[in-house]
>>> print(open('structure12.cif').read())   # mmCIF, C-alpha atoms
data_input
loop_
_atom_site.group_PDB
_atom_site.id
_atom_site.type_symbol
_atom_site.label_atom_id
_atom_site.label_comp_id
_atom_site.auth_asym_id
_atom_site.auth_seq_id
_atom_site.Cartn_x
_atom_site.Cartn_y
_atom_site.Cartn_z
ATOM 1 C CA MET A 29 6.680 -1.440 14.181
ATOM 2 C CA PHE A 30 3.660 -2.787 12.317
ATOM 3 C CA GLY A 31 0.245 -2.696 13.986
ATOM 4 C CA TRP A 32 -1.006 -5.997 12.610
ATOM 5 C CA THR A 33 -3.557 -6.571 15.330
ATOM 6 C CA VAL A 34 -5.502 -4.181 17.469
ATOM 7 C CA PRO A 35 -5.933 -4.930 21.171
ATOM 8 C CA GLY A 36 -9.514 -5.909 21.820
ATOM 9 C CA ASN A 37 -9.983 -6.917 18.195
ATOM 10 C CA ARG A 38 -9.682 -10.623 19.093
ATOM 11 C CA GLY A 39 -6.693 -11.063 16.834
ATOM 12 C CA GLY A 40 -8.400 -9.299 13.955
ATOM 13 C CA PHE A 41 -6.419 -8.151 10.964
ATOM 14 C CA PHE A 42 -5.244 -4.535 11.012
ATOM 15 C CA MET A 43 -3.078 -4.151 7.937
ATOM 16 C CA GLY A 44 -5.451 -1.570 6.490
ATOM 17 C CA GLY A 45 -4.437 1.079 9.010
ATOM 18 C CA PHE A 46 -0.834 0.621 8.031
ATOM 19 C CA ILE A 47 -1.693 0.954 4.330
ATOM 20 C CA GLY A 48 -3.540 4.178 5.146
ATOM 21 C CA GLN A 49 -0.458 5.485 6.968
ATOM 22 C CA LEU A 50 1.737 4.560 4.011
ATOM 23 C CA THR A 51 -0.642 6.379 1.670
ATOM 24 C CA ASN A 52 -0.527 9.486 3.859
ATOM 25 C CA ASN A 53 3.265 9.320 3.785
ATOM 26 C CA ILE A 54 3.385 9.526 -0.007
ATOM 27 C CA SER A 55 3.436 13.045 -1.444
ATOM 28 C CA ASP A 56 0.459 14.068 -3.561
ATOM 29 C CA ASP A 57 2.995 14.864 -6.301
ATOM 30 C CA ALA A 58 3.419 11.100 -6.744
ATOM 31 C CA LEU A 59 -0.303 10.444 -7.235
ATOM 32 C CA THR A 60 -2.534 10.491 -10.290
ATOM 33 C CA SER A 61 -5.153 13.227 -10.315
ATOM 34 C CA THR A 62 -7.895 10.597 -10.009
ATOM 35 C CA PHE A 63 -6.298 8.983 -6.965
ATOM 36 C CA LYS A 64 -5.674 12.369 -5.326
ATOM 37 C CA LYS A 65 -9.405 13.114 -5.541
ATOM 38 C CA SER A 66 -10.314 9.840 -3.839
ATOM 39 C CA LYS A 67 -7.346 9.585 -1.454
ATOM 40 C CA GLY A 68 -9.350 10.400 1.667
ATOM 41 C CA ASP A 69 -12.034 7.875 0.783
ATOM 42 C CA PHE A 70 -9.369 5.260 -0.015
ATOM 43 C CA ILE A 71 -7.655 5.785 3.343
ATOM 44 C CA SER A 72 -11.004 5.557 5.114
ATOM 45 C CA LYS A 73 -11.810 2.285 3.350
ATOM 46 C CA THR A 74 -8.436 0.762 4.242
ATOM 47 C CA GLY A 75 -9.591 0.875 7.845
ATOM 48 C CA ASN A 76 -12.159 -1.777 6.933
ATOM 49 C CA VAL A 77 -9.630 -4.261 5.572
ATOM 50 C CA LYS A 78 -10.149 -7.562 7.375
ATOM 51 C CA ASP A 79 -7.753 -10.018 5.749
ATOM 52 C CA ALA A 80 -4.640 -10.468 3.654
ATOM 53 C CA SER A 81 -6.458 -10.530 0.321
ATOM 54 C CA GLY A 82 -8.234 -7.266 1.173
ATOM 55 C CA ALA A 83 -4.937 -5.654 2.140
ATOM 56 C CA ALA A 84 -3.319 -6.869 -1.078
ATOM 57 C CA SER A 85 -6.226 -5.441 -3.059
ATOM 58 C CA ALA A 86 -5.763 -2.078 -1.319
ATOM 59 C CA LEU A 87 -2.054 -2.159 -2.161
ATOM 60 C CA GLN A 88 -2.906 -2.801 -5.813
ATOM 61 C CA THR A 89 -5.202 0.214 -5.766
ATOM 62 C CA LEU A 90 -2.465 2.341 -4.202
ATOM 63 C CA GLU A 91 0.077 1.144 -6.765
ATOM 64 C CA GLY A 92 -2.357 2.017 -9.545
ATOM 65 C CA GLY A 93 -2.665 5.512 -8.114
ATOM 66 C CA LEU A 94 1.063 6.195 -8.320
ATOM 67 C CA LEU A 95 2.471 8.073 -11.278
ATOM 68 C CA PRO A 96 5.156 6.092 -13.147
ATOM 69 C CA PRO A 97 7.805 8.818 -12.611
ATOM 70 C CA ALA A 98 7.283 8.490 -8.839
ATOM 71 C CA MET A 99 8.654 4.969 -8.938
ATOM 72 C CA ASP A 100 12.352 4.072 -8.890
ATOM 73 C CA ALA A 101 13.827 2.824 -12.158
ATOM 74 C CA GLY A 102 13.979 -0.762 -10.885
ATOM 75 C CA TRP A 103 10.212 -0.944 -10.381
ATOM 76 C CA GLY A 104 9.666 -1.810 -14.022
ATOM 77 C CA SER A 105 11.447 -5.137 -13.583
ATOM 78 C CA LEU A 106 9.604 -5.924 -10.334
ATOM 79 C CA LYS A 107 6.089 -4.775 -11.131
ATOM 80 C CA ASN A 108 4.779 -7.847 -12.975
ATOM 81 C CA LYS A 109 5.849 -10.264 -10.237
ATOM 82 C CA TRP A 110 4.598 -7.860 -7.564
ATOM 83 C CA MET A 111 1.175 -7.659 -9.254
ATOM 84 C CA LYS A 112 0.989 -11.451 -9.601
ATOM 85 C CA ASP A 113 1.873 -11.904 -5.930
ATOM 86 C CA ALA A 114 -0.641 -9.223 -4.897
ATOM 87 C CA LYS A 115 -3.427 -10.942 -6.808
ATOM 88 C CA THR A 116 -2.795 -14.238 -5.013
ATOM 89 C CA ALA A 117 -1.833 -12.989 -1.535
ATOM 90 C CA THR A 118 -3.442 -14.935 1.294
ATOM 91 C CA THR A 119 -0.989 -14.432 4.161
ATOM 92 C CA LEU A 120 0.200 -11.549 6.284
ATOM 93 C CA LYS A 121 3.786 -12.452 5.412
ATOM 94 C CA THR A 122 3.087 -11.965 1.703
ATOM 95 C CA VAL A 123 1.257 -8.671 2.295
ATOM 96 C CA ALA A 124 4.106 -7.382 4.466
ATOM 97 C CA GLY A 125 6.562 -8.204 1.688
ATOM 98 C CA LEU A 126 4.366 -6.524 -0.920
ATOM 99 C CA THR A 127 4.064 -3.422 1.259
ATOM 100 C CA GLY A 128 7.802 -3.207 1.830
ATOM 101 C CA THR A 129 8.581 -3.724 -1.847
ATOM 102 C CA LEU A 130 6.113 -1.053 -2.940
ATOM 103 C CA GLU A 131 7.272 1.472 -0.346
ATOM 104 C CA SER A 132 10.952 0.877 -1.091
ATOM 105 C CA ASN A 133 10.374 1.528 -4.801
ATOM 106 C CA VAL A 134 8.634 4.874 -4.398
ATOM 107 C CA GLY A 135 11.224 7.543 -5.130
ATOM 108 C CA SER A 136 12.576 9.003 -1.893
ATOM 109 C CA LYS A 137 11.649 12.560 -2.888
ATOM 110 C CA TYR A 138 8.000 11.447 -2.868
ATOM 111 C CA LEU A 139 8.068 10.061 0.678
ATOM 112 C CA LYS A 140 7.254 12.530 3.422
ATOM 113 C CA GLY A 141 9.720 12.592 6.283
ATOM 114 C CA ASP A 142 12.610 11.131 4.272
#
>>> encode(input="structure12.cif", output="structure tokens")
Amino acid sequence: MFGWTVPGNRGGFFMGGFIGQLTNNISDDALTSTFKKSKGDFISKTGNVKDASGAASALQTLEGGLLPPAMDAGWGSLKNKWMKDAKTATTLKTVAGLTGTLESNVGSKYLKGD
């Protein structure tokens, strides 16, 4: 399901495209006004992500752009550990886990196609 590498990219990292897709799948109602204004630019920049730490940084930016009410009630107990893990992420496995945890804690009414 995940497009981690792009054919012809010599095994290059392609998590950024997935983060852009996730961002597009989140309703604007879940986003801060500041993030909404820069959403297109953010998605464009995620296409330049080259490694796990860059992807984790993009996820932190996305998380910071989400309104607190858009997150499930359990996010409050997970957020501190998630942020710590995001700040130290160096592997694709960690980034995939961070992505899944973030996505699964966005309220379902804020996810397009759910």
>>> residues_around(input="structure12.cif", residues="stretch 85-91 of chain A", least_positions_apart="2", cutoff="9 Å", atoms="all atoms listed in the file", output="ChimeraX atom specification")
/A:44,47,51,59,63,70,73-74,77,80-83,93-95,111,114-115,117,123,126-127,130
>>> resolve_selection(input="structure12.cif", expression="the PyMOL selection byres ((chain A and resi 134) around 12)", output="MDAnalysis selection string")
chainID A and resid 50:51 53:55 57:59 90:91 93:104 127:133 135:140 142
>>> axis_aligned_box(input="structure12.cif", around="stretch 65-75 of chain A", padding_each_side="5 Å", output="JSON")
{"center_x": -9.7, "center_y": 6.9, "center_z": 1.2, "size_x": 14.7, "size_y": 22.4, "size_z": 23.4}
>>> atom_distance(input="structure12.cif", atom1="atom CA of A:Lys112", atom2="atom CA of A:Asp56")
26.2 Å
>>> atom_distance(input="structure12.cif", atom1="atom CA of A:Asp113", atom2="atom CA of A:Gly48")
20.3 Å
